[in-house]
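Engineer: Data: entry-v4.txt, compact mmCIF, C-alpha atoms.
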```txt
# COMPACT_ATOMS: atom_id res chain seq x y z
CA MET S 245 19.08 71.12 -76.27
CA LYS S 246 22.74 70.19 -76.65
CA LYS S 247 24.28 69.78 -80.07
CA VAL S 248 24.02 66.26 -81.47
CA ALA S 249 26.00 64.65 -84.29
CA MET S 250 25.07 61.38 -85.95
CA LEU S 251 27.82 59.07 -87.20
CA CYS S 252 26.94 57.19 -90.40
CA SER S 253 28.71 55.35 -93.17
CA GLY S 254 27.41 57.54 -95.99
CA THR S 255 26.50 54.48 -98.04
CA GLU S 256 23.33 53.50 -96.18
CA LEU S 257 20.29 52.86 -98.35
CA TYR S 258 17.63 50.76 -96.59
CA GLY S 259 17.21 49.76 -92.95
CA VAL S 260 19.30 52.19 -90.91
CA GLY S 261 19.30 54.46 -93.96
CA SER S 262 15.54 54.93 -93.57
CA VAL S 263 16.04 55.82 -89.91
CA LEU S 264 18.72 58.37 -90.79
CA LYS S 265 16.35 60.04 -93.25
CA ILE S 266 13.69 60.40 -90.56
CA TYR S 267 16.17 62.06 -88.24
CA ALA S 268 17.31 64.38 -91.02
CA GLN S 269 13.74 65.41 -91.83
CA LYS S 270 12.53 65.87 -88.24
CA LEU S 271 15.65 67.20 -86.49
CA PRO S 272 17.07 69.88 -88.80
CA ASP S 273 19.76 70.93 -86.30
CA LEU S 274 21.47 67.52 -86.40
CA ILE S 275 25.00 67.29 -87.77
CA PHE S 276 25.77 64.21 -89.86
CA ILE S 277 29.35 62.95 -89.82
CA CYS S 278 29.79 60.55 -92.75
CA LEU S 279 32.70 58.13 -92.85
CA SER S 280 32.46 57.83 -96.63
CA LYS S 281 30.62 59.17 -99.64
CA GLY S 282 27.68 57.28 -101.11
CA SER S 283 23.92 57.31 -101.57
CA MET S 284 23.15 58.52 -98.02
CA TYR S 285 25.88 61.16 -98.12
CA ASP S 286 24.49 62.48 -101.42
CA TRP S 287 20.91 62.46 -100.11
CA LEU S 288 21.89 64.40 -96.98
CA ILE S 289 23.70 67.01 -99.06
CA GLN S 290 20.76 67.36 -101.46
CA SER S 291 18.36 67.68 -98.51
CA GLY S 292 20.26 70.66 -97.14
CA CYS S 293 21.56 68.90 -94.02
CA LYS S 294 24.79 69.86 -92.32
CA VAL S 295 27.18 67.11 -93.39
CA ILE S 296 30.84 66.63 -92.49
CA LEU S 297 32.96 64.08 -94.32
CA LEU S 298 35.39 62.37 -91.97
CA ASN S 299 38.36 61.74 -94.22
CA GLY S 300 39.94 58.35 -93.71
CA GLY S 301 36.77 56.64 -92.55
CA ARG S 302 35.51 53.66 -94.52
CA GLY S 303 33.23 52.00 -91.98
CA PHE S 304 35.63 49.15 -91.19
CA LYS S 305 33.16 46.59 -92.49
CA VAL S 306 33.91 42.89 -91.88
CA ASN S 307 31.93 39.88 -93.02
CA SER S 308 32.12 37.69 -89.92
CA THR S 309 32.85 37.75 -86.22
CA LEU S 310 35.97 35.65 -86.73
CA ALA S 311 37.24 38.11 -89.33
CA ALA S 312 36.54 40.95 -86.92
CA LEU S 313 38.50 39.25 -84.14
CA VAL S 314 41.44 38.62 -86.43
CA GLN S 315 41.41 42.29 -87.41
CA VAL S 316 40.79 43.66 -83.93
CA PRO S 317 44.32 45.08 -83.40
CA LEU S 318 44.27 46.83 -86.78
CA LEU S 319 40.71 48.06 -86.28
CA ILE S 320 41.55 49.50 -82.89
CA ILE S 321 44.57 51.31 -84.29
CA LYS S 322 42.57 52.66 -87.26
CA ASN S 323 39.76 53.80 -84.97
CA TRP S 324 42.19 55.41 -82.56
CA LEU S 325 43.92 57.32 -85.34
CA LEU S 326 40.60 58.36 -86.88
CA SER S 327 39.27 59.41 -83.47
CA LYS S 328 41.79 62.25 -83.41
CA LYS S 329 40.12 63.72 -86.50
CA LEU S 330 36.70 63.09 -84.99
CA TYR S 331 37.71 64.82 -81.77
CA LYS S 332 38.78 67.90 -83.74
CA ILE S 333 35.44 67.93 -85.59
CA ALA S 334 33.56 67.63 -82.28
CA GLN S 335 35.48 70.54 -80.78
CA GLU S 336 35.16 72.79 -83.83
CA ASN S 337 31.39 72.20 -84.01
CA CYS S 338 30.72 72.24 -80.23
CA ILE S 339 29.23 68.72 -80.39
CA ASP S 340 27.97 67.36 -77.07
CA ILE S 341 26.43 64.02 -78.10
CA LEU S 342 27.49 61.42 -80.66
CA HIS S 343 24.64 59.19 -81.85
CA CYS S 344 25.98 55.95 -83.42
CA HIS S 345 24.24 53.05 -85.17
CA TRP S 346 26.96 50.48 -85.95
CA LEU S 347 29.59 48.87 -83.73
CA PRO S 348 32.63 50.25 -85.64
CA HIS S 349 31.22 53.76 -85.32
CA GLN S 350 30.38 53.17 -81.66
CA ILE S 351 33.97 52.11 -80.97
CA LEU S 352 35.23 55.15 -82.85
CA ALA S 353 33.05 57.44 -80.73
CA GLY S 354 34.16 55.63 -77.59
CA PHE S 355 37.72 56.85 -78.06
CA ILE S 356 36.66 60.48 -77.59
CA ARG S 357 33.91 59.88 -75.04
CA SER S 358 34.38 62.11 -72.01
CA LYS S 359 32.55 63.87 -69.23
CA ASN S 360 31.40 66.53 -71.66
CA LEU S 361 30.91 64.39 -74.77
CA LYS S 362 28.37 61.59 -74.46
CA VAL S 363 27.86 58.59 -76.73
CA ILE S 364 24.60 56.82 -77.66
CA TRP S 365 24.68 53.28 -78.95
CA HIS S 366 21.56 52.86 -81.10
CA ILE S 367 21.14 49.07 -81.47
CA HIS S 368 19.13 47.81 -84.46
CA ASN S 369 20.26 44.19 -84.70
CA ASN S 370 20.15 40.91 -82.78
CA THR S 371 22.91 39.62 -80.53
CA SER S 372 24.08 36.03 -80.95
CA TYR S 373 24.57 34.06 -77.73
CA THR S 374 26.29 31.22 -79.58
CA ARG S 375 28.68 32.92 -82.00
CA LEU S 376 32.26 31.97 -81.07
CA PHE S 377 30.82 30.11 -78.06
CA GLY S 378 29.44 33.32 -76.58
CA LEU S 379 32.71 35.25 -76.83
CA SER S 380 31.25 37.71 -79.34
CA ARG S 381 28.54 38.81 -76.92
CA LYS S 382 31.01 39.17 -74.04
CA ILE S 383 33.22 41.40 -76.17
CA ASN S 384 30.24 43.56 -77.14
CA LEU S 385 29.27 44.00 -73.48
CA LEU S 386 32.81 44.97 -72.52
CA LEU S 387 32.95 47.48 -75.36
CA ALA S 388 29.63 48.97 -74.26
CA ARG S 389 30.87 49.40 -70.68
CA TRP S 390 33.85 51.26 -72.06
CA GLY S 391 32.36 53.25 -74.92
CA ALA S 392 28.66 53.98 -74.30
CA ASP S 393 26.74 56.31 -72.03
CA ILE S 394 23.28 55.06 -73.04
CA ILE S 395 22.16 51.97 -74.95
CA MET S 396 19.17 52.73 -77.20
CA PRO S 397 17.76 49.42 -78.52
CA VAL S 398 14.79 49.24 -80.90
CA SER S 399 12.92 46.74 -78.71
CA GLU S 400 12.88 45.23 -75.22
CA TYR S 401 13.93 42.00 -76.89
CA ILE S 402 17.15 43.64 -78.06
CA GLY S 403 17.57 45.59 -74.83
CA ASN S 404 17.65 42.40 -72.77
CA ASN S 405 20.85 41.42 -74.56
CA TRP S 406 22.61 44.51 -73.21
CA LYS S 407 21.48 44.62 -69.58
CA ALA S 408 24.71 42.99 -68.43
CA SER S 409 26.63 46.01 -69.75
CA GLY S 410 25.44 47.96 -66.73
CA LYS S 411 24.51 50.91 -68.91
CA LEU S 412 21.26 52.86 -68.85
CA ILE S 413 18.92 51.36 -71.46
CA ARG S 414 16.19 53.37 -73.17
CA VAL S 415 14.07 51.49 -75.72
CA VAL S 416 13.00 53.54 -78.74
CA ARG S 417 10.97 51.48 -81.20
CA ASN S 418 10.93 52.36 -84.88
CA GLY S 419 8.38 54.78 -86.22
CA VAL S 420 6.88 55.45 -89.66
CA TYR S 421 5.02 58.28 -91.34
CA PRO S 422 1.21 57.97 -91.45
CA TYR S 423 -0.08 57.28 -94.95
CA TYR S 424 -3.88 57.16 -94.58
CA ASP S 425 -6.25 59.57 -92.88
CA ALA S 426 -8.53 56.86 -91.51
CA PRO S 427 -8.94 53.09 -91.34
CA ASN S 428 -11.16 51.36 -93.88
CA GLN S 429 -13.03 48.10 -94.29
CA PRO S 430 -12.38 46.33 -97.61
CA ASN S 431 -15.04 43.92 -98.79
CA ASN S 432 -12.95 41.25 -100.47
CA ASP S 433 -14.23 37.87 -101.49
CA PRO S 434 -12.05 35.88 -101.33
CA ILE S 435 -9.99 37.23 -98.42
CA LYS S 436 -6.84 38.99 -99.63
CA CYS S 437 -3.55 38.61 -97.71
CA VAL S 438 -0.19 40.27 -98.28
CA ILE S 439 3.38 39.55 -97.27
CA ALA S 440 6.43 41.72 -97.96
CA GLY S 441 10.18 41.34 -97.81
CA ARG S 442 13.18 40.00 -99.65
CA LEU S 443 12.55 36.55 -101.11
CA CYS S 444 14.83 34.41 -98.97
CA GLU S 445 14.47 31.56 -96.50
CA ASP S 446 14.67 33.49 -93.23
CA LYS S 447 11.83 35.85 -94.22
CA GLY S 448 9.49 32.84 -94.13
CA HIS S 449 7.56 33.37 -97.36
CA HIS S 450 7.34 29.59 -97.71
CA LEU S 451 5.33 29.45 -94.48
CA ALA S 452 2.81 31.95 -95.85
CA VAL S 453 2.54 30.11 -99.17
CA ALA S 454 2.05 26.76 -97.43
CA ALA S 455 -0.59 28.15 -95.06
CA VAL S 456 -2.60 29.73 -97.90
CA ILE S 457 -2.40 26.48 -99.88
CA ASN S 458 -3.60 24.55 -96.81
CA ALA S 459 -6.49 26.95 -96.26
CA ASN S 460 -7.62 26.59 -99.89
CA LYS S 461 -7.42 22.80 -99.64
CA LYS S 462 -9.76 23.00 -96.66
CA GLY S 463 -12.27 24.98 -98.70
CA TYR S 464 -11.43 28.52 -97.55
CA LYS S 465 -11.02 30.96 -100.40
CA VAL S 466 -8.00 33.09 -99.64
CA CYS S 467 -5.49 34.90 -101.87
CA LEU S 468 -1.93 36.01 -101.21
CA ASP S 469 0.14 38.75 -102.85
CA ILE S 470 3.90 38.55 -102.28
CA PHE S 471 5.85 41.81 -102.54
CA GLY S 472 9.60 41.37 -102.82
CA GLY S 473 12.36 39.79 -104.83
CA PRO S 474 14.60 38.97 -106.47
CA ILE S 475 12.64 36.79 -108.83
CA GLU S 476 15.33 36.30 -111.45
CA ASN S 477 17.96 33.63 -110.70
CA ASN S 478 16.50 32.91 -107.27
CA PRO S 479 16.14 29.17 -106.43
CA TYR S 480 13.99 30.04 -103.41
CA TYR S 481 11.47 31.82 -105.65
CA ASP S 482 11.60 28.97 -108.18
CA LYS S 483 10.72 26.47 -105.46
CA LEU S 484 7.80 28.56 -104.20
CA ARG S 485 6.50 29.18 -107.70
CA LEU S 486 6.56 25.47 -108.49
CA GLN S 487 4.64 24.76 -105.29
CA VAL S 488 1.94 27.25 -106.33
CA ILE S 489 1.69 25.74 -109.82
CA ASP S 490 1.47 22.20 -108.46
CA ASN S 491 -1.57 23.25 -106.41
CA ASN S 492 -3.24 25.14 -109.31
CA LEU S 493 -3.25 28.40 -107.37
CA GLU S 494 -1.49 30.70 -109.84
CA ASP S 495 -4.46 33.08 -109.77
CA SER S 496 -4.61 33.09 -105.97
CA ILE S 497 -0.93 33.39 -105.02
CA ARG S 498 0.88 36.10 -106.96
CA PHE S 499 4.56 37.09 -106.93
CA LEU S 500 4.71 40.82 -107.57
CA GLY S 501 8.47 41.38 -107.24
CA PHE S 502 10.02 44.55 -105.90
CA ARG S 503 7.44 47.35 -105.91
CA ASN S 504 7.37 50.91 -104.61
CA ASP S 505 3.59 51.04 -104.14
CA LEU S 506 3.16 48.61 -101.26
CA ARG S 507 1.76 51.12 -98.79
CA GLU S 508 -0.53 52.55 -101.46
CA ASN S 509 -2.14 49.12 -101.57
CA HIS S 510 -2.16 48.23 -97.86
CA GLN S 511 -5.79 49.12 -97.29
CA LYS S 512 -6.90 46.91 -100.19
CA TYR S 513 -5.92 43.85 -98.17
CA ASP S 514 -7.75 42.17 -95.32
CA LEU S 515 -4.74 40.73 -93.56
CA GLY S 516 -0.96 40.93 -93.50
CA LEU S 517 1.38 38.00 -92.83
CA GLN S 518 4.79 38.33 -91.20
CA CYS S 519 6.56 34.98 -91.07
CA ARG S 520 10.14 35.78 -90.11
CA ILE S 521 12.13 32.78 -88.92
CA GLU S 522 15.21 34.72 -87.82
CA PRO S 523 14.00 36.96 -84.94
CA GLU S 524 13.24 40.47 -86.13
CA PRO S 525 14.27 43.26 -83.72
CA CYS S 526 11.53 45.78 -84.59
CA GLY S 527 10.11 45.36 -88.08
CA VAL S 528 9.47 48.61 -89.94
CA TRP S 529 6.92 46.86 -92.17
CA ILE S 530 5.01 45.73 -89.08
CA CYS S 531 4.89 49.33 -87.90
CA GLU S 532 3.64 50.40 -91.34
CA THR S 533 0.84 47.81 -91.38
CA LEU S 534 -0.36 48.85 -87.93
CA VAL S 535 -0.25 52.58 -88.72
CA ASP S 536 -2.18 51.84 -91.94
CA GLY S 537 -4.79 49.77 -90.11
CA LEU S 538 -3.88 46.36 -91.51
CA PRO S 539 -4.09 43.52 -88.95
CA LEU S 540 -1.33 40.92 -88.96
CA ILE S 541 -0.70 37.30 -88.27
CA ALA S 542 2.93 37.47 -87.19
CA SER S 543 5.69 35.21 -85.95
CA ARG S 544 6.05 35.11 -82.17
CA THR S 545 9.78 35.85 -82.35
CA GLY S 546 12.14 38.71 -81.57
CA GLY S 547 10.56 42.08 -80.89
CA THR S 548 7.39 41.35 -82.89
CA PRO S 549 5.23 40.48 -79.83
CA GLU S 550 5.96 44.01 -78.57
CA LEU S 551 4.34 45.41 -81.71
CA VAL S 552 1.41 43.10 -82.47
CA GLU S 553 -1.06 42.81 -79.60
CA ASP S 554 -2.11 39.17 -79.78
CA GLY S 555 -5.87 38.81 -80.22
CA VAL S 556 -6.38 42.58 -80.51
CA THR S 557 -4.45 43.95 -83.51
CA GLY S 558 -3.68 40.53 -84.96
CA LEU S 559 -2.54 37.07 -83.98
CA LEU S 560 0.85 35.62 -83.12
CA PHE S 561 1.86 32.15 -84.28
CA GLU S 562 4.75 29.97 -83.20
CA GLY S 563 7.74 30.76 -85.40
CA ASN S 564 8.47 28.37 -88.27
CA SER S 565 5.24 26.40 -87.68
CA ILE S 566 3.13 25.94 -90.82
CA ALA S 567 0.49 24.09 -88.79
CA ASP S 568 0.04 26.92 -86.27
CA LEU S 569 0.06 29.59 -88.99
CA THR S 570 -2.56 27.66 -90.98
CA GLU S 571 -4.75 27.28 -87.90
CA LYS S 572 -4.50 30.99 -87.01
CA LEU S 573 -5.19 32.00 -90.62
CA ILE S 574 -8.30 29.84 -90.90
CA ASN S 575 -9.59 30.93 -87.49
CA LEU S 576 -9.25 34.58 -88.40
CA ILE S 577 -10.65 34.54 -91.94
CA SER S 578 -13.60 32.47 -90.75
CA VAL S 579 -14.91 35.38 -88.69
CA LYS S 580 -14.98 38.59 -90.73
CA GLU S 581 -16.36 40.54 -87.77
CA LYS S 582 -13.13 39.83 -85.91
CA LEU S 583 -11.09 41.14 -88.82
CA ILE S 584 -13.13 44.35 -88.80
CA THR S 585 -12.53 44.86 -85.07
CA MET S 586 -8.82 44.11 -85.42
CA ARG S 587 -8.51 46.56 -88.30
CA GLN S 588 -9.78 49.45 -86.19
CA ALA S 589 -7.62 48.39 -83.23
CA ALA S 590 -4.52 48.10 -85.43
CA TYR S 591 -5.02 51.60 -86.79
CA LEU S 592 -5.50 53.13 -83.33
CA ARG S 593 -2.52 51.30 -81.83
CA GLY S 594 -0.35 52.18 -84.80
CA ARG S 595 -1.17 55.89 -84.59
CA ASP S 596 -0.61 55.87 -80.83
CA LYS S 597 2.60 53.82 -80.65
CA PHE S 598 4.48 53.64 -83.95
CA THR S 599 4.52 56.98 -85.73
CA VAL S 600 7.56 59.13 -86.51
CA ASP S 601 6.47 61.81 -84.03
CA ARG S 602 6.58 59.33 -81.16
CA PHE S 603 9.93 58.00 -82.40
CA ILE S 604 11.45 61.48 -82.49
CA SER S 605 10.05 62.56 -79.12
CA GLU S 606 11.45 59.44 -77.43
CA THR S 607 14.85 60.02 -79.06
CA GLN S 608 14.85 63.60 -77.78
CA ALA S 609 14.04 62.24 -74.31
CA VAL S 610 17.21 60.12 -74.56
CA TYR S 611 19.20 63.24 -75.44
CA CYS S 612 17.73 64.97 -72.38
CA ALA S 613 18.58 61.98 -70.17
CA LEU S 614 22.20 62.30 -71.27
CA GLN S 615 22.26 65.95 -70.25
CA GLN S 616 21.22 64.93 -66.74
CA GLN S 617 24.01 62.38 -66.30
```
How would this structure read if it were set down as structure tokens?
Structural biologist:
Amino acid sequence: MKKVAMLCSGTELYGVGSVLKIYAQKLPDLIFICLSKGSMYDWLIQSGCKVILLNGGRGFKVNSTLAALVQVPLLIIKNWLLSKKLYKIAQENCIDILHCHWLPHQILAGFIRSKNLKVIWHIHNNTSYTRLFGLSRKINLLLARWGADIIMPVSEYIGNNWKASGKLIRVVRNGVYPYYDAPNQPNNDPIKCVIAGRLCEDKGHHLAVAAVINANKKGYKVCLDIFGGPIENNPYYDKLRLQVIDNNLEDSIRFLGFRNDLRENHQKYDLGLQCRIEPEPCGVWICETLVDGLPLIASRTGGTPELVEDGVTGLLFEGNSIADLTEKLINLISVKEKLITMRQAAYLRGRDKFTVDRFISETQAVYCALQQQ
């Protein structure tokens, strides 16, 4: 296997940070090139990984596409200058492949891409077809043609956005560590549901709350635990809480805030709810629920339909539709036998498709594909 280096900001915590930790734990020969110090840099050092600090790198973070366009000349110059340092690091450490997760890092790697040094663009996020009237997407595609050897999206949904780049695309969906040794069958009365994620509009918690309220109004006893925050100084939470109080369901719909024991409690629930409004590329929490044997009712958006097998490991509802979510929820909790079957199917599909071992083996297959180019 050729020598691989992973470019990262050094300040990652969640999201891509979780992915970096998996790579560090499962591929001990990886070299991590950090563009700054921070929580991820410290964790890598403490974990005994080989870490190189690329002096002068700050990640080149911008808050909007317009700001990025305005700064493009400066960003290109900064990347070009920094690439000279990166090239020296690559030569000194005999690096053959640069694995990059963010566009600024991908551009940086593109400057030293050559016949002998290949670049992977690992794509975790959505692509907007409307931002700056489509100009943003066109720029991304042009950059990929110039700077990437392989595009590695986390779902087919994301991969479709990059087909026009003309690059080889290899989908590698997220993976998680198994937590339980076997599926179980809780015997809850009433039915217990769970939803997790930051308390904000695009996560769709209000859809879950409304659907559970509707189900209770129709005579179906169902509870909902909401993991996530912030709770303090959050108007979105205040609005949801008031809605629960108005319907006298304080004992049935609970706001648990940020917790570290979510997976410890997964198998206590009958059903998970994923209500994202903004399309989710490849939800890590969805992977966790499946691997833990927890069936889901999930939004039919983004890469989620690639994870949840509709009617087998859960149900898909039309995104942002309280009516459809309520109908799917009532249909599923009305037939406990179906929940039992889905629970077993979710566990088996999760262990087959969404574990860390599969994630790592597919990444290594991408590395091998680069060697054959």
Engineer: Rank S:Leu484, S:Val535, S:Ile383, S:Val248 by their smallest atom-to-atom distance to Val610 in chain S, using all atoms listed in the file, and report the top residue only.
Structural biologist: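 Nearest to Val610 in chain S: S:Val248.
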Engineer: Could you give me, as an mmCIF file with C-alpha atoms, in the coordinates of the input, the residues that have an atom at most 12 Å away from the point (-11.5, 43.5, -86.1) in the coordinates of the file, using only C-alpha atoms?
Structural biologist:
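Output file point.cif follows:
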```
data_model
loop_
_atom_site.group_PDB
_atom_site.id
_atom_site.type_symbol
_atom_site.label_atom_id
_atom_site.label_comp_id
_atom_site.auth_asym_id
_atom_site.auth_seq_id
_atom_site.Cartn_x
_atom_site.Cartn_y
_atom_site.Cartn_z
ATOM 1 C CA PRO S 427 -8.940 53.090 -91.340
ATOM 2 C CA ASN S 428 -11.160 51.360 -93.880
ATOM 3 C CA GLN S 429 -13.030 48.100 -94.290
ATOM 4 C CA PRO S 430 -12.380 46.330 -97.610
ATOM 5 C CA ASP S 514 -7.750 42.170 -95.320
ATOM 6 C CA LEU S 515 -4.740 40.730 -93.560
ATOM 7 C CA GLY S 537 -4.790 49.770 -90.110
ATOM 8 C CA LEU S 538 -3.880 46.360 -91.510
ATOM 9 C CA PRO S 539 -4.090 43.520 -88.950
ATOM 10 C CA LEU S 540 -1.330 40.920 -88.960
ATOM 11 C CA GLY S 555 -5.870 38.810 -80.220
ATOM 12 C CA VAL S 556 -6.380 42.580 -80.510
ATOM 13 C CA THR S 557 -4.450 43.950 -83.510
ATOM 14 C CA GLY S 558 -3.680 40.530 -84.960
ATOM 15 C CA LEU S 559 -2.540 37.070 -83.980
ATOM 16 C CA LEU S 576 -9.250 34.580 -88.400
ATOM 17 C CA ILE S 577 -10.650 34.540 -91.940
ATOM 18 C CA VAL S 579 -14.910 35.380 -88.690
ATOM 19 C CA LYS S 580 -14.980 38.590 -90.730
ATOM 20 C CA GLU S 581 -16.360 40.540 -87.770
ATOM 21 C CA LYS S 582 -13.130 39.830 -85.910
ATOM 22 C CA LEU S 583 -11.090 41.140 -88.820
ATOM 23 C CA ILE S 584 -13.130 44.350 -88.800
ATOM 24 C CA THR S 585 -12.530 44.860 -85.070
ATOM 25 C CA MET S 586 -8.820 44.110 -85.420
ATOM 26 C CA ARG S 587 -8.510 46.560 -88.300
ATOM 27 C CA GLN S 588 -9.780 49.450 -86.190
ATOM 28 C CA ALA S 589 -7.620 48.390 -83.230
ATOM 29 C CA ALA S 590 -4.520 48.100 -85.430
ATOM 30 C CA TYR S 591 -5.020 51.600 -86.790
ATOM 31 C CA LEU S 592 -5.500 53.130 -83.330
#
```
Engineer: At what distance in Å, to one decimal, does CA of Val260 in chain S lie from CA of Glu522 in chain S?
Structural biologist: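 Distance between the two atoms: 18.2 Å.
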Engineer: Would you mind listing what lies within 12 Å of Ala567 in chain S as a ChimeraX atom specification, with all atoms listed in the file counted and same-chain residues fewer than 3 positions away left out?
Structural biologist: /S:451-452,454-459,561-564,570-574
Engineer: Using only C-alpha atoms, please write the residues we just selected to a file, as a compact mmCIF listing (two decimals), keeping the file's coordinate frame.
Structural biologist:
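Saved result, again_16.txt, follows:
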```txt
# COMPACT_ATOMS: atom_id res chain seq x y z
CA LEU S 451 5.33 29.45 -94.48
CA ALA S 452 2.81 31.95 -95.85
CA ALA S 454 2.05 26.76 -97.43
CA ALA S 455 -0.59 28.15 -95.06
CA VAL S 456 -2.60 29.73 -97.90
CA ILE S 457 -2.40 26.48 -99.88
CA ASN S 458 -3.60 24.55 -96.81
CA ALA S 459 -6.49 26.95 -96.26
CA PHE S 561 1.86 32.15 -84.28
CA GLU S 562 4.75 29.97 -83.20
CA GLY S 563 7.74 30.76 -85.40
CA ASN S 564 8.47 28.37 -88.27
CA THR S 570 -2.56 27.66 -90.98
CA GLU S 571 -4.75 27.28 -87.90
CA LYS S 572 -4.50 30.99 -87.01
CA LEU S 573 -5.19 32.00 -90.62
CA ILE S 574 -8.30 29.84 -90.90
```
Engineer: What would the list of residues within 6 Å of (-2.9, 36.3, -102.0) (file frame) look like as a PyMOL selection string, if all atoms listed in the file are what count?
Structural biologist: chain S and resi 436-437+467-469+496-497
Engineer: Could the residues in this selection be written to a file with C-alpha atoms, as a short mmCIF file (atom, residue, chain, number, x, y, z; two decimals), keeping the file's coordinate frame?
Structural biologist:
```cif
data_model
loop_
_atom_site.label_atom_id
_atom_site.label_comp_id
_atom_site.auth_asym_id
_atom_site.auth_seq_id
_atom_site.Cartn_x
_atom_site.Cartn_y
_atom_site.Cartn_z
CA LYS S 436 -6.84 38.99 -99.63
CA CYS S 437 -3.55 38.61 -97.71
CA CYS S 467 -5.49 34.90 -101.87
CA LEU S 468 -1.93 36.01 -101.21
CA ASP S 469 0.14 38.75 -102.85
CA SER S 496 -4.61 33.09 -105.97
CA ILE S 497 -0.93 33.39 -105.02
#
```
Engineer: Which residue gives the smallest distance to Asn369 in chain S among S:Ile277, S:Leu318, S:Ile356, S:Met396, with all atoms listed in the file counted?
Structural biologist: S:Met396
Engineer: Fewer than 4 positions away in the same chain doesn't count, so skip those; otherwise give me all residues within 10 Å of Gln487 in chain S, counting all atoms listed in the file, as a PyMOL selection string.
Structural biologist: chain S and resi 450+453-454+457+481-483+491-494
Engineer: Measuring between all atoms listed in the file, which one of S:Asp554, S:His449, S:Asn370, S:Cys526 shows the shortest distance to Ile566 in chain S?
Structural biologist: S:His449
Engineer: What is the CA of Cys338 in chain S-CA of Ser291 in chain S distance in Å, reported with one decimal?
Structural biologist: 22.5 Å
Engineer: Hey, can you check how far CA of Ile296 in chain S sits from CA of Gly419 in chain S?
Structural biologist: 26.2 Å
Engineer: Would you mind listing what lies within 10 Å of range 600-602 of chain S as a ChimeraX atom specification, with all atoms listed in the file counted and same-chain residues fewer than 2 positions away left out?
Structural biologist: /S:263,266-267,270,416-422,595-598,604-608
Engineer: For a quick check of understanding, using all atoms listed in the file, which of S:Asp425, S:Glu445, S:Glu524, S:Asp490 has the smallest distance to Val398 in chain S?
Structural biologist: S:Glu524
Engineer: If we count only C-alpha atoms, what is near Ala542 in chain S at a cut-off of 9 Å, once residues fewer than 3 positions away on the same chain are taken out, given as a compact mmCIF listing (two decimals) with C-alpha atoms, in the frame of the given file?
Structural biologist:
```
# COMPACT_ATOMS: atom_id res chain seq x y z
CA GLY S 516 -0.96 40.93 -93.50
CA LEU S 517 1.38 38.00 -92.83
CA GLN S 518 4.79 38.33 -91.20
CA CYS S 519 6.56 34.98 -91.07
CA ARG S 520 10.14 35.78 -90.11
CA ILE S 530 5.01 45.73 -89.08
CA THR S 545 9.78 35.85 -82.35
CA THR S 548 7.39 41.35 -82.89
CA PRO S 549 5.23 40.48 -79.83
CA VAL S 552 1.41 43.10 -82.47
CA GLY S 558 -3.68 40.53 -84.96
CA LEU S 559 -2.54 37.07 -83.98
CA LEU S 560 0.85 35.62 -83.12
CA PHE S 561 1.86 32.15 -84.28
CA GLU S 562 4.75 29.97 -83.20
CA GLY S 563 7.74 30.76 -85.40
CA LEU S 569 0.06 29.59 -88.99
```
Engineer: Nearest residue to Phe499 in chain S out of S:Leu342, S:Ala426, S:Leu347, S:Leu486, using only C-alpha atoms?
Structural biologist: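 So, comparing all the options, the nearest one is S:Leu486.
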Engineer: Could you tell me which of S:Met284, S:Ala249, S:Leu506, S:Ala408 comes closest to Gln335 in chain S if we count all atoms listed in the file?
Structural biologist: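 Among the listed residues, the smallest separation from Gln335 in chain S belongs to S:Ala249.
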Engineer: Excluding range 344-346 of chain S and residues on its chain fewer than 5 positions from it, collect all residues at most 10 Å away from it, counting only C-alpha atoms, and give them as a list in words.
Structural biologist: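 Residues near the query, excluding close chain neighbours: Ala249, Met250, Leu251, Cys252, Ser253, Val260, Val263, Leu264, Gly303, Lys305, Ile351, Leu352, Ala353, Val363, Ile364, Trp365, His366, Ile367, His368, Asn369, Ala392, Met396 and Pro397 of chain S.
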